[in-house]
$ cat data35.pdb   # PDB, C-alpha atoms
ATOM      1  CA  MET A   1      83.477  73.646  85.505
ATOM      2  CA  ASN A   2      85.671  70.994  87.052
ATOM      3  CA  ALA A   3      88.244  71.718  89.766
ATOM      4  CA  SER A   4      91.137  72.239  87.334
ATOM      5  CA  GLU A   5      89.159  74.765  85.270
ATOM      6  CA  LEU A   6      88.250  76.717  88.405
ATOM      7  CA  VAL A   7      91.878  76.757  89.557
ATOM      8  CA  THR A   8      93.143  77.869  86.134
ATOM      9  CA  ALA A   9      90.984  81.011  86.219
ATOM     10  CA  VAL A  10      92.018  81.947  89.772
ATOM     11  CA  ARG A  11      95.677  81.144  89.220
ATOM     12  CA  ALA A  12      95.900  83.413  86.170
ATOM     13  CA  TYR A  13      94.460  86.367  88.096
ATOM     14  CA  PHE A  14      96.636  85.862  91.190
ATOM     15  CA  LEU A  15      99.834  85.603  89.115
ATOM     16  CA  ASP A  16      98.934  88.773  87.223
ATOM     17  CA  LEU A  17      98.117  90.565  90.482
ATOM     18  CA  GLN A  18     101.453  89.490  91.980
ATOM     19  CA  GLU A  19     103.341  90.992  89.028
ATOM     20  CA  THR A  20     101.289  94.203  89.092
ATOM     21  CA  ILE A  21     101.858  94.762  92.815
ATOM     22  CA  CYS A  22     105.578  93.992  92.643
ATOM     23  CA  ARG A  23     106.087  96.475  89.806
ATOM     24  CA  ALA A  24     104.104  99.175  91.615
ATOM     25  CA  LEU A  25     106.023  98.734  94.883
ATOM     26  CA  GLU A  26     109.371  98.757  93.063
ATOM     27  CA  SER A  27     108.397 102.002  91.381
ATOM     28  CA  GLU A  28     107.279 103.568  94.663
ATOM     29  CA  ASP A  29     110.472 102.502  96.436
ATOM     30  CA  GLY A  30     112.766 103.715  93.666
ATOM     31  CA  THR A  31     115.740 101.393  94.229
ATOM     32  CA  GLY A  32     114.538  97.997  95.499
ATOM     33  CA  ASN A  33     113.787  95.021  93.307
ATOM     34  CA  PHE A  34     111.797  91.889  94.023
ATOM     35  CA  SER A  35     113.494  88.524  93.810
ATOM     36  CA  LYS A  36     111.778  85.790  91.821
ATOM     37  CA  GLU A  37     112.226  82.162  92.805
ATOM     38  CA  PRO A  38     109.636  79.973  91.051
ATOM     39  CA  VAL A  39     109.569  76.380  92.279
ATOM     40  CA  VAL A  40     107.459  73.990  90.192
ATOM     41  CA  ALA A  41     106.283  70.882  92.036
ATOM     42  CA  PRO A  42     106.271  67.491  90.249
ATOM     43  CA  ASN A  43     102.467  67.349  90.554
ATOM     44  CA  GLY A  44     102.004  70.693  88.778
ATOM     45  CA  GLY A  45     101.898  72.976  91.797
ATOM     46  CA  LEU A  46     103.873  76.196  91.897
ATOM     47  CA  ALA A  47     105.459  78.318  94.628
ATOM     48  CA  GLN A  48     106.665  81.751  93.552
ATOM     49  CA  PRO A  49     107.914  83.801  96.488
ATOM     50  CA  ARG A  50     109.010  87.358  95.705
ATOM     51  CA  VAL A  51     110.833  89.491  98.284
ATOM     52  CA  LEU A  52     112.196  93.041  98.243
ATOM     53  CA  ALA A  53     114.700  93.825 100.999
ATOM     54  CA  ASP A  54     116.574  96.968 102.057
ATOM     55  CA  GLY A  55     115.015  99.347  99.568
ATOM     56  CA  ARG A  56     115.143 103.117  99.874
ATOM     57  CA  HIS A  57     111.711 103.332 101.515
ATOM     58  CA  ILE A  58     110.606  99.711 101.871
ATOM     59  CA  GLU A  59     112.626  97.862 104.461
ATOM     60  CA  LYS A  60     111.009  94.571 103.475
ATOM     61  CA  ALA A  61     108.127  93.457 101.291
ATOM     62  CA  ALA A  62     107.029  89.965 100.352
ATOM     63  CA  VAL A  63     104.467  89.114  97.678
ATOM     64  CA  GLN A  64     103.969  85.355  97.636
ATOM     65  CA  PHE A  65     102.078  83.154  95.179
ATOM     66  CA  THR A  66     101.343  79.481  95.808
ATOM     67  CA  HIS A  67      99.423  76.798  93.998
ATOM     68  CA  SER A  68      99.286  73.650  96.134
ATOM     69  CA  ILE A  69      97.966  70.228  95.129
ATOM     70  CA  GLY A  70      97.564  67.574  97.790
ATOM     71  CA  ASP A  71      95.719  64.560  99.132
ATOM     72  CA  ALA A  72      94.123  66.326 102.113
ATOM     73  CA  LEU A  73      93.740  69.906 103.334
ATOM     74  CA  PRO A  74      95.741  70.839 106.452
ATOM     75  CA  PRO A  75      93.726  71.288 109.701
ATOM     76  CA  ALA A  76      94.019  75.101 109.533
ATOM     77  CA  ALA A  77      92.009  75.021 106.288
ATOM     78  CA  THR A  78      89.260  72.650 107.509
ATOM     79  CA  GLU A  79      88.588  73.772 111.079
ATOM     80  CA  ARG A  80      85.460  75.640 109.899
ATOM     81  CA  ASN A  81      84.691  73.079 107.146
ATOM     82  CA  PRO A  82      85.333  69.621 108.634
ATOM     83  CA  HIS A  83      83.334  67.988 105.827
ATOM     84  CA  LEU A  84      86.198  68.867 103.452
ATOM     85  CA  ALA A  85      88.836  67.020 105.477
ATOM     86  CA  GLY A  86      90.520  64.023 103.918
ATOM     87  CA  SER A  87      89.765  64.831 100.280
ATOM     88  CA  PRO A  88      92.181  65.674  97.438
ATOM     89  CA  PHE A  89      92.407  69.432  96.994
ATOM     90  CA  GLN A  90      93.984  72.336  95.175
ATOM     91  CA  ALA A  91      94.686  75.690  96.802
ATOM     92  CA  VAL A  92      95.763  78.927  95.118
ATOM     93  CA  ALA A  93      96.800  81.978  97.110
ATOM     94  CA  ILE A  94      98.525  85.337  96.986
ATOM     95  CA  SER A  95      99.758  86.859 100.228
ATOM     96  CA  LEU A  96     101.713  90.065 100.763
ATOM     97  CA  ILE A  97     103.242  92.206 103.457
ATOM     98  CA  VAL A  98     104.936  95.613 103.246
ATOM     99  CA  HIS A  99     107.161  96.887 106.088
ATOM    100  CA  PRO A 100     108.241 100.460 105.262
ATOM    101  CA  GLN A 101     111.380 101.981 106.740
ATOM    102  CA  ASN A 102     109.691 105.196 107.879
ATOM    103  CA  PRO A 103     107.740 104.966 111.189
ATOM    104  CA  PHE A 104     105.100 107.294 109.722
ATOM    105  CA  ALA A 105     104.363 104.885 106.851
ATOM    106  CA  PRO A 106     102.128 102.000 107.943
ATOM    107  CA  THR A 107     102.683  98.307 107.496
ATOM    108  CA  THR A 108     100.078  96.574 105.354
ATOM    109  CA  HIS A 109      98.990  93.036 104.594
ATOM    110  CA  MET A 110      96.756  91.385 102.022
ATOM    111  CA  ASN A 111      95.931  87.810 101.186
ATOM    112  CA  LEU A 112      93.499  86.199  98.780
ATOM    113  CA  ARG A 113      92.992  82.456  98.644
ATOM    114  CA  PHE A 114      90.941  79.808  96.858
ATOM    115  CA  PHE A 115      90.401  76.207  97.941
ATOM    116  CA  VAL A 116      88.711  73.531  95.845
ATOM    117  CA  VAL A 117      88.171  69.896  96.742
ATOM    118  CA  ASP A 118      88.406  67.606  93.719
ATOM    119  CA  ALA A 119      85.171  65.698  93.261
ATOM    120  CA  GLU A 120      82.499  65.094  90.658
ATOM    121  CA  GLU A 121      80.836  68.240  92.045
ATOM    122  CA  PRO A 122      83.793  70.354  93.288
ATOM    123  CA  ALA A 123      83.396  72.065  96.661
ATOM    124  CA  TRP A 124      85.166  75.414  96.670
ATOM    125  CA  TYR A 125      85.426  78.720  98.510
ATOM    126  CA  PHE A 126      87.388  81.970  98.511
ATOM    127  CA  GLY A 127      88.798  83.910 101.447
ATOM    128  CA  GLY A 128      91.038  86.865 102.152
ATOM    129  CA  GLY A 129      91.145  90.588 102.706
ATOM    130  CA  TYR A 130      93.550  93.351 103.677
ATOM    131  CA  ASP A 131      94.357  95.458 106.719
ATOM    132  CA  LEU A 132      96.531  98.412 107.751
ATOM    133  CA  THR A 133      98.899  98.650 110.730
ATOM    134  CA  PRO A 134     100.141 102.194 111.437
ATOM    135  CA  TYR A 135     102.641 103.185 114.114
ATOM    136  CA  TYR A 136     102.028 106.932 113.935
ATOM    137  CA  ALA A 137      98.518 107.117 112.571
ATOM    138  CA  TYR A 138      96.785 109.841 110.578
ATOM    139  CA  GLU A 139      93.010 109.892 110.470
ATOM    140  CA  ASP A 140      92.861 110.998 106.824
ATOM    141  CA  ASP A 141      95.015 107.993 105.855
ATOM    142  CA  VAL A 142      92.741 105.622 107.753
ATOM    143  CA  VAL A 143      89.610 107.150 106.213
ATOM    144  CA  HIS A 144      91.098 106.861 102.696
ATOM    145  CA  TRP A 145      91.961 103.217 103.363
ATOM    146  CA  HIS A 146      88.412 102.390 104.450
ATOM    147  CA  GLN A 147      86.776 104.456 101.709
ATOM    148  CA  THR A 148      88.696 102.448  99.105
ATOM    149  CA  ALA A 149      87.787  99.153 100.780
ATOM    150  CA  ALA A 150      84.131 100.179 100.965
ATOM    151  CA  ALA A 151      84.072 101.075  97.266
ATOM    152  CA  ALA A 152      85.566  97.676  96.403
ATOM    153  CA  CYS A 153      83.202  95.652  98.587
ATOM    154  CA  GLY A 154      79.967  97.599  98.150
ATOM    155  CA  ALA A 155      77.123  96.469 100.391
ATOM    156  CA  HIS A 156      79.337  93.756 101.911
ATOM    157  CA  TYR A 157      81.758  96.284 103.427
ATOM    158  CA  PRO A 158      80.177  96.708 106.906
ATOM    159  CA  ALA A 159      80.119  92.954 107.588
ATOM    160  CA  LEU A 160      83.609  92.369 106.210
ATOM    161  CA  LYS A 161      84.984  95.362 108.117
ATOM    162  CA  ALA A 162      83.526  93.949 111.349
ATOM    163  CA  LYS A 163      85.017  90.534 110.607
ATOM    164  CA  CYS A 164      88.426  92.122 110.019
ATOM    165  CA  ASP A 165      88.253  93.913 113.374
ATOM    166  CA  GLU A 166      87.362  90.608 115.028
ATOM    167  CA  TYR A 167      90.079  88.540 113.349
ATOM    168  CA  PHE A 168      93.050  90.916 113.651
ATOM    169  CA  PHE A 169      92.776  91.160 117.425
ATOM    170  CA  LEU A 170      95.440  90.106 119.921
ATOM    171  CA  ARG A 171      93.387  88.612 122.715
ATOM    172  CA  HIS A 172      96.403  88.182 124.960
ATOM    173  CA  ARG A 173      96.946  91.956 124.681
ATOM    174  CA  GLN A 174      93.252  92.929 124.408
ATOM    175  CA  GLU A 175      94.314  95.124 121.511
ATOM    176  CA  CYS A 176      93.595  95.451 117.791
ATOM    177  CA  ARG A 177      96.593  94.808 115.552
ATOM    178  CA  GLY A 178      95.861  97.861 113.425
ATOM    179  CA  VAL A 179      93.029  99.974 112.053
ATOM    180  CA  GLY A 180      91.378  97.145 110.162
ATOM    181  CA  GLY A 181      90.147  96.793 106.623
ATOM    182  CA  VAL A 182      88.095  93.896 105.239
ATOM    183  CA  PHE A 183      88.232  90.135 105.799
ATOM    184  CA  PHE A 184      86.128  87.232 104.529
ATOM    185  CA  ASP A 185      86.034  83.438 104.773
ATOM    186  CA  ASP A 186      84.181  80.646 102.962
ATOM    187  CA  TRP A 187      83.022  83.006 100.203
ATOM    188  CA  THR A 188      80.768  81.459  97.537
ATOM    189  CA  GLU A 189      78.344  84.383  97.085
ATOM    190  CA  GLY A 190      76.465  84.190  93.771
ATOM    191  CA  GLY A 191      78.436  81.253  92.403
ATOM    192  CA  PHE A 192      81.972  80.986  91.066
ATOM    193  CA  ASP A 193      81.961  83.747  88.433
ATOM    194  CA  SER A 194      80.400  86.266  90.779
ATOM    195  CA  SER A 195      82.728  85.292  93.626
ATOM    196  CA  LEU A 196      85.802  85.619  91.440
ATOM    197  CA  GLU A 197      84.692  89.083  90.305
ATOM    198  CA  PHE A 198      84.291  90.107  93.942
ATOM    199  CA  VAL A 199      87.781  88.809  94.783
ATOM    200  CA  LYS A 200      89.165  90.727  91.800
ATOM    201  CA  SER A 201      87.483  93.894  93.063
ATOM    202  CA  VAL A 202      89.197  93.464  96.432
ATOM    203  CA  GLY A 203      92.582  92.580  94.916
ATOM    204  CA  ASP A 204      92.507  95.414  92.384
ATOM    205  CA  SER A 205      91.680  97.935  95.122
ATOM    206  CA  PHE A 206      94.771  97.192  97.220
ATOM    207  CA  LEU A 207      97.201  99.480  95.383
ATOM    208  CA  PRO A 208      94.754 102.431  95.226
ATOM    209  CA  ALA A 209      94.176 101.955  98.958
ATOM    210  CA  TYR A 210      97.818 101.737 100.026
ATOM    211  CA  LEU A 211     100.105 103.520  97.561
ATOM    212  CA  PRO A 212      98.783 107.063  98.213
ATOM    213  CA  ILE A 213      99.484 106.576 101.932
ATOM    214  CA  LEU A 214     102.967 105.166 101.380
ATOM    215  CA  SER A 215     103.777 107.941  98.896
ATOM    216  CA  LYS A 216     102.647 110.618 101.341
ATOM    217  CA  ARG A 217     104.491 109.280 104.402
ATOM    218  CA  LYS A 218     107.621 107.529 103.135
ATOM    219  CA  SER A 219     109.905 110.593 103.248
ATOM    220  CA  GLU A 220     108.746 112.285 106.441
ATOM    221  CA  PRO A 221     111.601 113.091 108.854
ATOM    222  CA  TYR A 222     111.686 110.976 112.000
ATOM    223  CA  SER A 223     113.756 110.619 115.153
ATOM    224  CA  GLU A 224     115.604 107.661 116.613
ATOM    225  CA  ALA A 225     112.963 107.504 119.361
ATOM    226  CA  GLN A 226     110.197 107.252 116.747
ATOM    227  CA  ARG A 227     112.099 104.495 114.964
ATOM    228  CA  ASP A 228     112.393 102.658 118.301
ATOM    229  CA  PHE A 229     108.644 102.945 118.800
ATOM    230  CA  GLN A 230     108.057 101.484 115.333
ATOM    231  CA  LEU A 231     110.279  98.499 116.177
ATOM    232  CA  TYR A 232     108.464  98.036 119.489
ATOM    233  CA  ARG A 233     105.067  98.055 117.781
ATOM    234  CA  ARG A 234     106.328  95.619 115.143
ATOM    235  CA  GLY A 235     106.549  93.166 118.013
ATOM    236  CA  ARG A 236     102.757  93.079 118.104
ATOM    237  CA  TYR A 237     102.754  92.186 114.415
ATOM    238  CA  ALA A 238     105.166  89.313 115.019
ATOM    239  CA  GLU A 239     103.107  88.073 117.967
ATOM    240  CA  PHE A 240      99.954  87.929 115.849
ATOM    241  CA  ASN A 241     101.598  86.114 112.954
ATOM    242  CA  LEU A 242     103.281  83.518 115.150
ATOM    243  CA  ALA A 243     100.562  82.919 117.745
ATOM    244  CA  ILE A 244      97.246  83.569 115.970
ATOM    245  CA  ASP A 245      97.356  83.845 112.187
ATOM    246  CA  ARG A 246      95.703  80.938 110.363
ATOM    247  CA  GLY A 247      97.750  81.606 107.223
ATOM    248  CA  THR A 248     101.000  80.979 109.087
ATOM    249  CA  LYS A 249      99.578  77.799 110.620
ATOM    250  CA  TYR A 250      98.363  76.606 107.223
ATOM    251  CA  GLY A 251     101.761  77.210 105.637
ATOM    252  CA  LEU A 252     103.614  75.296 108.337
ATOM    253  CA  GLN A 253     101.077  72.444 108.407
ATOM    254  CA  SER A 254     101.140  72.062 104.624
ATOM    255  CA  GLY A 255     104.912  71.632 104.533
ATOM    256  CA  ARG A 256     105.630  74.781 102.557
ATOM    257  CA  ARG A 257     109.124  76.254 102.498
ATOM    258  CA  VAL A 258     109.604  77.832 105.924
ATOM    259  CA  GLU A 259     111.448  80.874 104.527
ATOM    260  CA  SER A 260     108.368  81.680 102.452
ATOM    261  CA  VAL A 261     105.890  81.078 105.270
ATOM    262  CA  LEU A 262     107.758  83.411 107.624
ATOM    263  CA  ALA A 263     108.635  86.052 105.013
ATOM    264  CA  SER A 264     105.863  88.253 106.428
ATOM    265  CA  LEU A 265     107.777  88.825 109.659
ATOM    266  CA  PRO A 266     109.423  92.252 110.058
ATOM    267  CA  PRO A 267     113.192  92.391 109.447
ATOM    268  CA  LEU A 268     113.861  94.238 112.726
ATOM    269  CA  VAL A 269     111.744  94.213 115.868
ATOM    270  CA  LYS A 270     112.124  94.786 119.591
ATOM    271  CA  TRP A 271     110.215  93.990 122.749
ATOM    272  CA  VAL A 272     110.309  96.483 125.608
ATOM    273  CA  TYR A 273     109.373  95.281 129.063
ATOM    274  CA  ASN A 274     106.309  97.056 130.478
ATOM    275  CA  TYR A 275     106.399  99.911 127.983
ATOM    276  CA  GLN A 276     104.243 102.878 128.969
ATOM    277  CA  ALA A 277     103.569 105.688 126.488
ATOM    278  CA  GLU A 278     103.687 109.240 127.781
ATOM    279  CA  PRO A 279     100.116 110.489 128.343
ATOM    280  CA  GLY A 280      98.940 112.740 125.530
ATOM    281  CA  SER A 281     101.731 111.659 123.157
ATOM    282  CA  ARG A 282     101.399 110.394 119.584
ATOM    283  CA  GLU A 283     102.482 107.007 120.900
ATOM    284  CA  ALA A 284      99.647 106.959 123.437
ATOM    285  CA  GLU A 285      97.182 108.159 120.795
ATOM    286  CA  LEU A 286      97.820 105.018 118.747
ATOM    287  CA  THR A 287      96.363 102.627 121.311
ATOM    288  CA  GLU A 288      93.911 105.011 122.959
ATOM    289  CA  TYR A 289      92.223 106.171 119.758
ATOM    290  CA  PHE A 290      93.274 104.346 116.600
ATOM    291  CA  LEU A 291      93.567 100.730 117.745
ATOM    292  CA  LYS A 292      89.909 100.451 118.650
ATOM    293  CA  PRO A 293      87.149  99.247 116.318
ATOM    294  CA  ARG A 294      85.236 102.277 115.049
ATOM    295  CA  ASP A 295      83.261 103.424 112.030
ATOM    296  CA  TRP A 296      85.900 105.381 110.130
ATOM    297  CA  LEU A 297      83.406 106.444 107.485
ATOM    298  CA  ALA A 298      80.866 108.013 109.832
ATOM    299  CA  GLU A 299      80.315 111.715 109.218
TER     300      GLU A 299
END
$ encode --input "data35.pdb" --output "structure tokens"
Amino acid sequence: MNASELVTAVRAYFLDLQETICRALESEDGTGNFSKEPVVAPNGGLAQPRVLADGRHIEKAAVQFTHSIGDALPPAATERNPHLAGSPFQAVAISLIVHPQNPFAPTTHMNLRFFVVDAEEPAWYFGGGYDLTPYYAYEDDVVHWHQTAAAACGAHYPALKAKCDEYFFLRHRQECRGVGGVFFDDWTEGGFDSSLEFVKSVGDSFLPAYLPILSKRKSEPYSEAQRDFQLYRRGRYAEFNLAIDRGTKYGLQSGRRVESVLASLPPLVKWVYNYQAEPGSREAELTEYFLKPRDWLAE
């Protein structure tokens, strides 16, 4: 297949996945609705950001689709593949974030992406994954999350879980961003058809991984102090996205609409100088136990 045929297959799946996830999150929230702002580029590209704000249970969610066509990939997309720099390309991606209102319901993120360099023999690869960022963590939620990811990824799960732990790490804090998930780059395993089926397995597993947790935790009673702790911990999320995340860098370097690139940031956040959790508290448990790489599926 040529580059356009490859893109057509990926684009159709990502657009369908965007619609499926938006409908499911609207249903789970009960009152919120996603905006829809399709922007068609003159060269045939498409940006379709969708945002839900101020729902009953979801404070903010963004499910973004992009199809970019350009003369050269941005540096953030070629730092591991310098041989692809300077060539015409197409990129298709879906990226999402969910920031629930309730401190007991975790934030989550997923992105799936496909790059192809136009040539007589197209060079292409997939990337992506998903991860979970709790504020008040429950071990059964974390185990369910990883069980679902493992079922979706099969024998690849241990390696992709380790890569997720490595990537979503704030080195300036020496702290994991959350409890991990799966993450992969430069994926061409088994050829295009096989790789696309793998990406579909990951994408289709997101809702079964996340919705049961959100449904279970979204209505739990919480205090003002627990809400403050959630906002404090959201600061770590903002730090990662602004200082480390390659997706944010790619979006800014590629000239995408800034509102869409930064839609993943939490709506409210706070930084507390020299915060110290009370020993033995749920707040201390988060960093002392949950935010450390571990085998969540070990018996």
$ closest_residue --input "data35.pdb" --among "A:Asn33, A:Gln48, A:Thr287, A:Thr20" --to "Arg173 in chain A" --atoms "all atoms listed in the file"
A:Thr287
$ closest_residue --input "data35.pdb" --among "A:Phe14, A:Phe34, A:Phe65, A:Phe104" --to "Lys216 in chain A" --atoms "all atoms listed in the file"
A:Phe104
$ resolve_selection --input "data35.pdb" --expression "the PyMOL selection byres ((chain A and resi 24) around 12)" --output "MDAnalysis selection string"
chainID A and resid 17:23 25:30 32:34 61 63 206:208 210:212 214:215
$ write_last_selection --input "data35.pdb" --atoms "C-alpha atoms" --output "CSV table (one decimal), in the coordinates of the input"
chain,number,residue,atom,x,y,z
A,17,LEU,CA,98.1,90.6,90.5
A,18,GLN,CA,101.5,89.5,92.0
A,19,GLU,CA,103.3,91.0,89.0
A,20,THR,CA,101.3,94.2,89.1
A,21,ILE,CA,101.9,94.8,92.8
A,22,CYS,CA,105.6,94.0,92.6
A,23,ARG,CA,106.1,96.5,89.8
A,25,LEU,CA,106.0,98.7,94.9
A,26,GLU,CA,109.4,98.8,93.1
A,27,SER,CA,108.4,102.0,91.4
A,28,GLU,CA,107.3,103.6,94.7
A,29,ASP,CA,110.5,102.5,96.4
A,30,GLY,CA,112.8,103.7,93.7
A,32,GLY,CA,114.5,98.0,95.5
A,33,ASN,CA,113.8,95.0,93.3
A,34,PHE,CA,111.8,91.9,94.0
A,61,ALA,CA,108.1,93.5,101.3
A,63,VAL,CA,104.5,89.1,97.7
A,206,PHE,CA,94.8,97.2,97.2
A,207,LEU,CA,97.2,99.5,95.4
A,208,PRO,CA,94.8,102.4,95.2
A,210,TYR,CA,97.8,101.7,100.0
A,211,LEU,CA,100.1,103.5,97.6
A,212,PRO,CA,98.8,107.1,98.2
A,214,LEU,CA,103.0,105.2,101.4
A,215,SER,CA,103.8,107.9,98.9
$ residues_near_point --input "data35.pdb" --point "(95.2, 90.5, 116.1)" --cutoff "10 Å" --atoms "all atoms listed in the file" --output "list in words"
Cys164, Asp165, Glu166, Tyr167, Phe168, Phe169, Leu170, Arg171, His172, Arg173, Gln174, Glu175, Cys176, Arg177, Gly178, Gly180, Arg236, Tyr237, Glu239, Phe240, Asn241, Ala243, Ile244 and Asp245 of chain A
$ write_last_selection --input "data35.pdb" --atoms "C-alpha atoms" --output "short mmCIF file (atom, residue, chain, number, x, y, z; two decimals), in the frame of the given file"
data_model
loop_
_atom_site.label_atom_id
_atom_site.label_comp_id
_atom_site.auth_asym_id
_atom_site.auth_seq_id
_atom_site.Cartn_x
_atom_site.Cartn_y
_atom_site.Cartn_z
CA CYS A 164 88.43 92.12 110.02
CA ASP A 165 88.25 93.91 113.37
CA GLU A 166 87.36 90.61 115.03
CA TYR A 167 90.08 88.54 113.35
CA PHE A 168 93.05 90.92 113.65
CA PHE A 169 92.78 91.16 117.42
CA LEU A 170 95.44 90.11 119.92
CA ARG A 171 93.39 88.61 122.72
CA HIS A 172 96.40 88.18 124.96
CA ARG A 173 96.95 91.96 124.68
CA GLN A 174 93.25 92.93 124.41
CA GLU A 175 94.31 95.12 121.51
CA CYS A 176 93.60 95.45 117.79
CA ARG A 177 96.59 94.81 115.55
CA GLY A 178 95.86 97.86 113.42
CA GLY A 180 91.38 97.14 110.16
CA ARG A 236 102.76 93.08 118.10
CA TYR A 237 102.75 92.19 114.42
CA GLU A 239 103.11 88.07 117.97
CA PHE A 240 99.95 87.93 115.85
CA ASN A 241 101.60 86.11 112.95
CA ALA A 243 100.56 82.92 117.74
CA ILE A 244 97.25 83.57 115.97
CA ASP A 245 97.36 83.84 112.19
#
$ resolve_selection --input "data35.pdb" --expression "the PyMOL selection byres ((chain A and resi 203) around 9)" --output "PDB file with C-alpha atoms, in the coordinates of the input"
ATOM      1  CA  PHE A  14      96.636  85.862  91.190  1.00  0.00           C
ATOM      2  CA  LEU A  17      98.117  90.565  90.482  1.00  0.00           C
ATOM      3  CA  MET A 110      96.756  91.385 102.022  1.00  0.00           C
ATOM      4  CA  ASN A 111      95.931  87.810 101.186  1.00  0.00           C
ATOM      5  CA  LEU A 112      93.499  86.199  98.780  1.00  0.00           C
ATOM      6  CA  GLY A 129      91.145  90.588 102.706  1.00  0.00           C
ATOM      7  CA  TYR A 130      93.550  93.351 103.677  1.00  0.00           C
ATOM      8  CA  ALA A 152      85.566  97.676  96.403  1.00  0.00           C
ATOM      9  CA  PHE A 198      84.291  90.107  93.942  1.00  0.00           C
ATOM     10  CA  VAL A 199      87.781  88.809  94.783  1.00  0.00           C
ATOM     11  CA  LYS A 200      89.165  90.727  91.800  1.00  0.00           C
ATOM     12  CA  SER A 201      87.483  93.894  93.063  1.00  0.00           C
ATOM     13  CA  VAL A 202      89.197  93.464  96.432  1.00  0.00           C
ATOM     14  CA  ASP A 204      92.507  95.414  92.384  1.00  0.00           C
ATOM     15  CA  SER A 205      91.680  97.935  95.122  1.00  0.00           C
ATOM     16  CA  PHE A 206      94.771  97.192  97.220  1.00  0.00           C
ATOM     17  CA  LEU A 207      97.201  99.480  95.383  1.00  0.00           C
TER      18      LEU A 207
END
$ closest_residue --input "data35.pdb" --among "A:Pro122, A:Gly127, A:Pro266, A:Pro221" --to "Leu160 in chain A" --atoms "all atoms listed in the file"
A:Gly127
$ atom_distance --input "data35.pdb" --atom1 "CA of Asp16 in chain A" --atom2 "CA of Val98 in chain A"
18.4 Å
$ atom_distance --input "data35.pdb" --atom1 "CA of Asp118 in chain A" --atom2 "CA of Phe183 in chain A"
25.6 Å
$ resolve_selection --input "data35.pdb" --expression "the PyMOL selection byres ((chain A and resi 1-5) around 10)" --output "ChimeraX atom specification"
/A:6-11,89-90,115-124,192
$ closest_residue --input "data35.pdb" --among "A:Thr107, A:Pro42, A:Arg227, A:Arg113" --to "Ser264 in chain A" --atoms "only C-alpha atoms"
A:Thr107
$ atom_distance --input "data35.pdb" --atom1 "CA of Ala277 in chain A" --atom2 "CA of Thr133 in chain A"
17.9 Å
$ residues_around --input "data35.pdb" --residues "Trp187 in chain A" --least-positions-apart "2" --cutoff "8 Å" --atoms "only C-alpha atoms" --output "VMD selection string"
chain A and resid 125 to 127 184 to 185 189 195
$ build_atoms --input "data35.pdb" --residues "range 262-273 of chain A" --atoms "N, CA and C atoms" --output "PDB file, keeping the file's coordinate frame"
ATOM      1  N   LEU A 262     107.413  82.395 106.630  1.00  0.00           N
ATOM      2  CA  LEU A 262     107.758  83.411 107.624  1.00  0.00           C
ATOM      3  C   LEU A 262     108.282  84.704 106.993  1.00  0.00           C
ATOM      4  N   ALA A 263     108.146  84.837 105.682  1.00  0.00           N
ATOM      5  CA  ALA A 263     108.635  86.052 105.013  1.00  0.00           C
ATOM      6  C   ALA A 263     107.855  87.285 105.424  1.00  0.00           C
ATOM      7  N   SER A 264     106.668  87.106 106.010  1.00  0.00           N
ATOM      8  CA  SER A 264     105.863  88.253 106.428  1.00  0.00           C
ATOM      9  C   SER A 264     106.381  88.912 107.698  1.00  0.00           C
ATOM     10  N   LEU A 265     107.287  88.256 108.405  1.00  0.00           N
ATOM     11  CA  LEU A 265     107.777  88.825 109.659  1.00  0.00           C
ATOM     12  C   LEU A 265     108.656  90.048 109.386  1.00  0.00           C
ATOM     13  N   PRO A 266     108.608  91.046 110.265  1.00  0.00           N
ATOM     14  CA  PRO A 266     109.423  92.252 110.058  1.00  0.00           C
ATOM     15  C   PRO A 266     110.908  91.937 110.176  1.00  0.00           C
ATOM     16  N   PRO A 267     111.750  92.673 109.435  1.00  0.00           N
ATOM     17  CA  PRO A 267     113.192  92.391 109.447  1.00  0.00           C
ATOM     18  C   PRO A 267     113.854  92.763 110.767  1.00  0.00           C
ATOM     19  N   LEU A 268     113.353  93.811 111.419  1.00  0.00           N
ATOM     20  CA  LEU A 268     113.861  94.238 112.726  1.00  0.00           C
ATOM     21  C   LEU A 268     112.669  94.470 113.641  1.00  0.00           C
ATOM     22  N   VAL A 269     112.827  94.082 114.903  1.00  0.00           N
ATOM     23  CA  VAL A 269     111.744  94.213 115.868  1.00  0.00           C
ATOM     24  C   VAL A 269     112.346  94.227 117.257  1.00  0.00           C
ATOM     25  N   LYS A 270     111.638  94.820 118.221  1.00  0.00           N
ATOM     26  CA  LYS A 270     112.124  94.786 119.591  1.00  0.00           C
ATOM     27  C   LYS A 270     110.943  94.682 120.547  1.00  0.00           C
ATOM     28  N   TRP A 271     111.197  94.056 121.680  1.00  0.00           N
ATOM     29  CA  TRP A 271     110.215  93.990 122.749  1.00  0.00           C
ATOM     30  C   TRP A 271     110.761  94.792 123.925  1.00  0.00           C
ATOM     31  N   VAL A 272     109.923  95.646 124.475  1.00  0.00           N
ATOM     32  CA  VAL A 272     110.309  96.483 125.608  1.00  0.00           C
ATOM     33  C   VAL A 272     109.473  96.071 126.808  1.00  0.00           C
ATOM     34  N   TYR A 273     110.105  95.737 127.894  1.00  0.00           N
ATOM     35  CA  TYR A 273     109.373  95.281 129.063  1.00  0.00           C
ATOM     36  C   TYR A 273     108.537  96.411 129.660  1.00  0.00           C
TER      37      TYR A 273
END
